[in-house]
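In what follows, a structure is listed as C-alpha cells, so that the remarks can point back to it.
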Amino acid sequence: MQAFLGTYTHVARYIKDDFLRRVFSFHPLLVGGNPFATPSVYTLVAQFEKQWGVLQGLLSWLVAVPVSFAIAQPLARLLGQTMLDIDLDFAYDWLAVAIWLGVVIISAAYAAISPARHAARISVREALAYA
C-alpha cells in the first residue's frame, strides 16, 4: 500500500480526475492534517471506526448473554415468590438471544456509520460555524 506516501499522492495513483482526487483525500483535513503530507494509512481510520463499533456491540452481547443466563432464573424465582408467592415457570429463549444478536449488530453498525453520514451532509459554512 505504501502507507508512507501522502494521502493525495496515494489517491492520485488510482484516480485521474483532480476533483475526485481532492474528494478522496480530504480525510486528514478532519483532524487538521495536510492531505499532501499526512501518510495515506490515515485513510483507514474511518474503516476501523466502523468495524470497532460493530466489534464493541458484539463484545457487549457476548458479556450480556452469560450474565442474563446466570441471573434470569434466580430473578424470576425471587420475583415470583415476592409478588405472587409462587415459583414462576422459567424457560430461556435461545431464539430471542439470536434475534438480540441481530439487533445489536444492526444498531452498532448504524451507530458507527450515522455520525459520518451526518457530517458529510453539512455544508462548509455550518462546519466552520462550530469553530
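By order of appearance in the C-alpha cells: chains A, B, ..., then residues from 1 within every chain, and ligands from 1 in the order shown.
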Item to check | Polymer residues at most 12 Å from segment 31-36 of chain A, only C-alpha atoms, same-chain spacing of 5 or more positions, as a VMD selection string | outcome: chain A and resid 4 to 12 21 to 26 41 to 43 45
Using only C-alpha atoms, determine which residues lie at most 12 Å from Ile86 of chain A, disregarding the query and same-chain residues fewer than 5 positions distant; provide the list as a PDB file with all heavy atoms, in the first residue's frame.
ATOM      1  N   ALA A  76     -36.329 -14.587  38.327  1.00  0.00           N
ATOM      2  CA  ALA A  76     -37.719 -14.988  38.112  1.00  0.00           C
ATOM      3  C   ALA A  76     -38.272 -15.674  39.363  1.00  0.00           C
ATOM      4  O   ALA A  76     -39.419 -15.435  39.765  1.00  0.00           O
ATOM      5  CB  ALA A  76     -37.825 -15.914  36.907  1.00  0.00           C
ATOM      6  N   ARG A  77     -37.463 -16.533  40.002  1.00  0.00           N
ATOM      7  CA  ARG A  77     -37.905 -17.212  41.225  1.00  0.00           C
ATOM      8  C   ARG A  77     -38.153 -16.200  42.339  1.00  0.00           C
ATOM      9  O   ARG A  77     -39.176 -16.251  43.031  1.00  0.00           O
ATOM     10  CB  ARG A  77     -36.869 -18.236  41.665  1.00  0.00           C
ATOM     11  CG  ARG A  77     -37.329 -19.076  42.839  1.00  0.00           C
ATOM     12  CD  ARG A  77     -36.313 -20.116  43.293  1.00  0.00           C
ATOM     13  NE  ARG A  77     -35.839 -20.936  42.188  1.00  0.00           N
ATOM     14  CZ  ARG A  77     -34.568 -20.976  41.776  1.00  0.00           C
ATOM     15  NH1 ARG A  77     -33.639 -20.236  42.361  1.00  0.00           N
ATOM     16  NH2 ARG A  77     -34.213 -21.755  40.770  1.00  0.00           N
ATOM     17  N   LEU A  78     -37.225 -15.253  42.505  1.00  0.00           N
ATOM     18  CA  LEU A  78     -37.353 -14.237  43.548  1.00  0.00           C
ATOM     19  C   LEU A  78     -38.580 -13.359  43.331  1.00  0.00           C
ATOM     20  O   LEU A  78     -39.348 -13.093  44.261  1.00  0.00           O
ATOM     21  CB  LEU A  78     -36.089 -13.382  43.606  1.00  0.00           C
ATOM     22  CG  LEU A  78     -36.085 -12.234  44.621  1.00  0.00           C
ATOM     23  CD1 LEU A  78     -36.099 -12.795  46.032  1.00  0.00           C
ATOM     24  CD2 LEU A  78     -34.886 -11.349  44.407  1.00  0.00           C
ATOM     25  N   LEU A  79     -38.790 -12.894  42.090  1.00  0.00           N
ATOM     26  CA  LEU A  79     -39.959 -12.051  41.807  1.00  0.00           C
ATOM     27  C   LEU A  79     -41.261 -12.824  41.994  1.00  0.00           C
ATOM     28  O   LEU A  79     -42.249 -12.286  42.497  1.00  0.00           O
ATOM     29  CB  LEU A  79     -39.870 -11.488  40.392  1.00  0.00           C
ATOM     30  CG  LEU A  79     -38.828 -10.395  40.182  1.00  0.00           C
ATOM     31  CD1 LEU A  79     -38.736 -10.027  38.714  1.00  0.00           C
ATOM     32  CD2 LEU A  79     -39.161  -9.175  41.010  1.00  0.00           C
ATOM     33  N   GLY A  80     -41.278 -14.077  41.570  1.00  0.00           N
ATOM     34  CA  GLY A  80     -42.475 -14.892  41.743  1.00  0.00           C
ATOM     35  C   GLY A  80     -42.820 -15.093  43.200  1.00  0.00           C
ATOM     36  O   GLY A  80     -43.983 -14.989  43.607  1.00  0.00           O
ATOM     37  N   GLN A  81     -41.812 -15.379  44.033  1.00  0.00           N
ATOM     38  CA  GLN A  81     -42.051 -15.573  45.458  1.00  0.00           C
ATOM     39  C   GLN A  81     -42.433 -14.270  46.155  1.00  0.00           C
ATOM     40  O   GLN A  81     -43.300 -14.261  47.029  1.00  0.00           O
ATOM     41  CB  GLN A  81     -40.804 -16.170  46.130  1.00  0.00           C
ATOM     42  CG  GLN A  81     -40.561 -17.610  45.820  1.00  0.00           C
ATOM     43  CD  GLN A  81     -41.682 -18.506  46.343  1.00  0.00           C
ATOM     44  OE1 GLN A  81     -42.269 -18.259  47.396  1.00  0.00           O
ATOM     45  NE2 GLN A  81     -41.982 -19.547  45.570  1.00  0.00           N
TER      46      GLN A  81
END
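For the atom pair formed by atom CA of Ala108 of chain A and atom CA of Phe69 of chain A, the distance is 22.4 Å, given to one decimal.
In terms of minimum interatomic distance to Trp100 of chain A, A:Ser60 ranks closest within A:Ser114, A:Ser60, A:Gln2, A:Ser123, counting only C-alpha atoms.
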Checklist entry - What residues in chain A get the DSSP label helix (DSSP H, G or I)? Please answer as number ranges by chain. => result A: 7-12, 18-24, 27-31, 40-84, 94-121, 124-129
Next on the checklist: Between atom CA of Tyr92 of chain A and atom CA of Ala72 of chain A, what distance in Å does the model show, to one decimal?
Outcome noted: 8.1 Å
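Atom to atom, atom CA of Arg13 of chain A and atom CA of Lys50 of chain A stand 25.4 Å apart.
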Checklist outcome for this item: Closest of A:Ala111, A:Ala70, A:Ala129, A:Leu30 to Val54 of chain A, counting only C-alpha atoms, is A:Ala111
Item to check | Polymer residues at most 10 Å from Trp52 of chain A, only C-alpha atoms, same-chain spacing of 4 or more positions, as a PyMOL selection string | outcome: chain A and resi 46-48+56-58+108-109+112
Go ahead and save the residues from that selection, with all heavy atoms, as a compact mmCIF listing (two decimals), in the first residue's frame.
# COMPACT_ATOMS: atom_id res chain seq x y z
N ALA A 46 -11.34 5.64 9.22
CA ALA A 46 -12.80 5.58 9.10
C ALA A 46 -13.29 4.14 9.06
O ALA A 46 -14.30 3.80 9.69
CB ALA A 46 -13.25 6.33 7.85
N GLN A 47 -12.58 3.28 8.34
CA GLN A 47 -12.96 1.87 8.29
C GLN A 47 -12.80 1.21 9.65
O GLN A 47 -13.65 0.43 10.08
CB GLN A 47 -12.13 1.13 7.23
CG GLN A 47 -12.56 -0.28 7.00
CD GLN A 47 -13.95 -0.38 6.40
OE1 GLN A 47 -14.44 0.52 5.75
NE2 GLN A 47 -14.61 -1.48 6.66
N PHE A 48 -11.71 1.52 10.37
CA PHE A 48 -11.51 0.96 11.69
C PHE A 48 -12.61 1.40 12.65
O PHE A 48 -13.05 0.63 13.50
CB PHE A 48 -10.15 1.36 12.26
CG PHE A 48 -9.00 0.71 11.57
CD1 PHE A 48 -7.79 1.35 11.46
CD2 PHE A 48 -9.11 -0.57 11.03
CE1 PHE A 48 -6.71 0.75 10.84
CE2 PHE A 48 -8.03 -1.18 10.40
CZ PHE A 48 -6.83 -0.51 10.30
N GLN A 56 -17.47 -3.70 19.21
CA GLN A 56 -17.86 -3.30 20.55
C GLN A 56 -19.28 -3.78 20.87
O GLN A 56 -19.56 -4.24 21.97
CB GLN A 56 -17.77 -1.78 20.68
CG GLN A 56 -17.96 -1.28 22.07
CD GLN A 56 -17.73 0.21 22.15
OE1 GLN A 56 -17.53 0.88 21.15
NE2 GLN A 56 -17.76 0.75 23.35
N GLY A 57 -20.18 -3.69 19.89
CA GLY A 57 -21.53 -4.22 20.08
C GLY A 57 -21.53 -5.72 20.30
O GLY A 57 -22.25 -6.23 21.17
N LEU A 58 -20.72 -6.45 19.53
CA LEU A 58 -20.63 -7.91 19.70
C LEU A 58 -20.05 -8.28 21.06
O LEU A 58 -20.52 -9.22 21.71
CB LEU A 58 -19.78 -8.52 18.59
CG LEU A 58 -20.43 -8.59 17.22
CD1 LEU A 58 -19.43 -9.09 16.19
CD2 LEU A 58 -21.64 -9.50 17.26
N ALA A 108 -25.34 -1.34 16.16
CA ALA A 108 -23.92 -0.95 16.27
C ALA A 108 -23.41 -0.43 14.94
O ALA A 108 -22.66 0.55 14.89
CB ALA A 108 -23.08 -2.13 16.75
N ALA A 109 -23.79 -1.08 13.85
CA ALA A 109 -23.37 -0.60 12.52
C ALA A 109 -23.96 0.78 12.24
O ALA A 109 -23.27 1.67 11.74
CB ALA A 109 -23.79 -1.59 11.45
N ALA A 112 -22.17 3.39 14.22
CA ALA A 112 -20.82 3.66 13.73
C ALA A 112 -20.84 4.48 12.44
O ALA A 112 -19.94 5.27 12.18
CB ALA A 112 -20.07 2.35 13.49
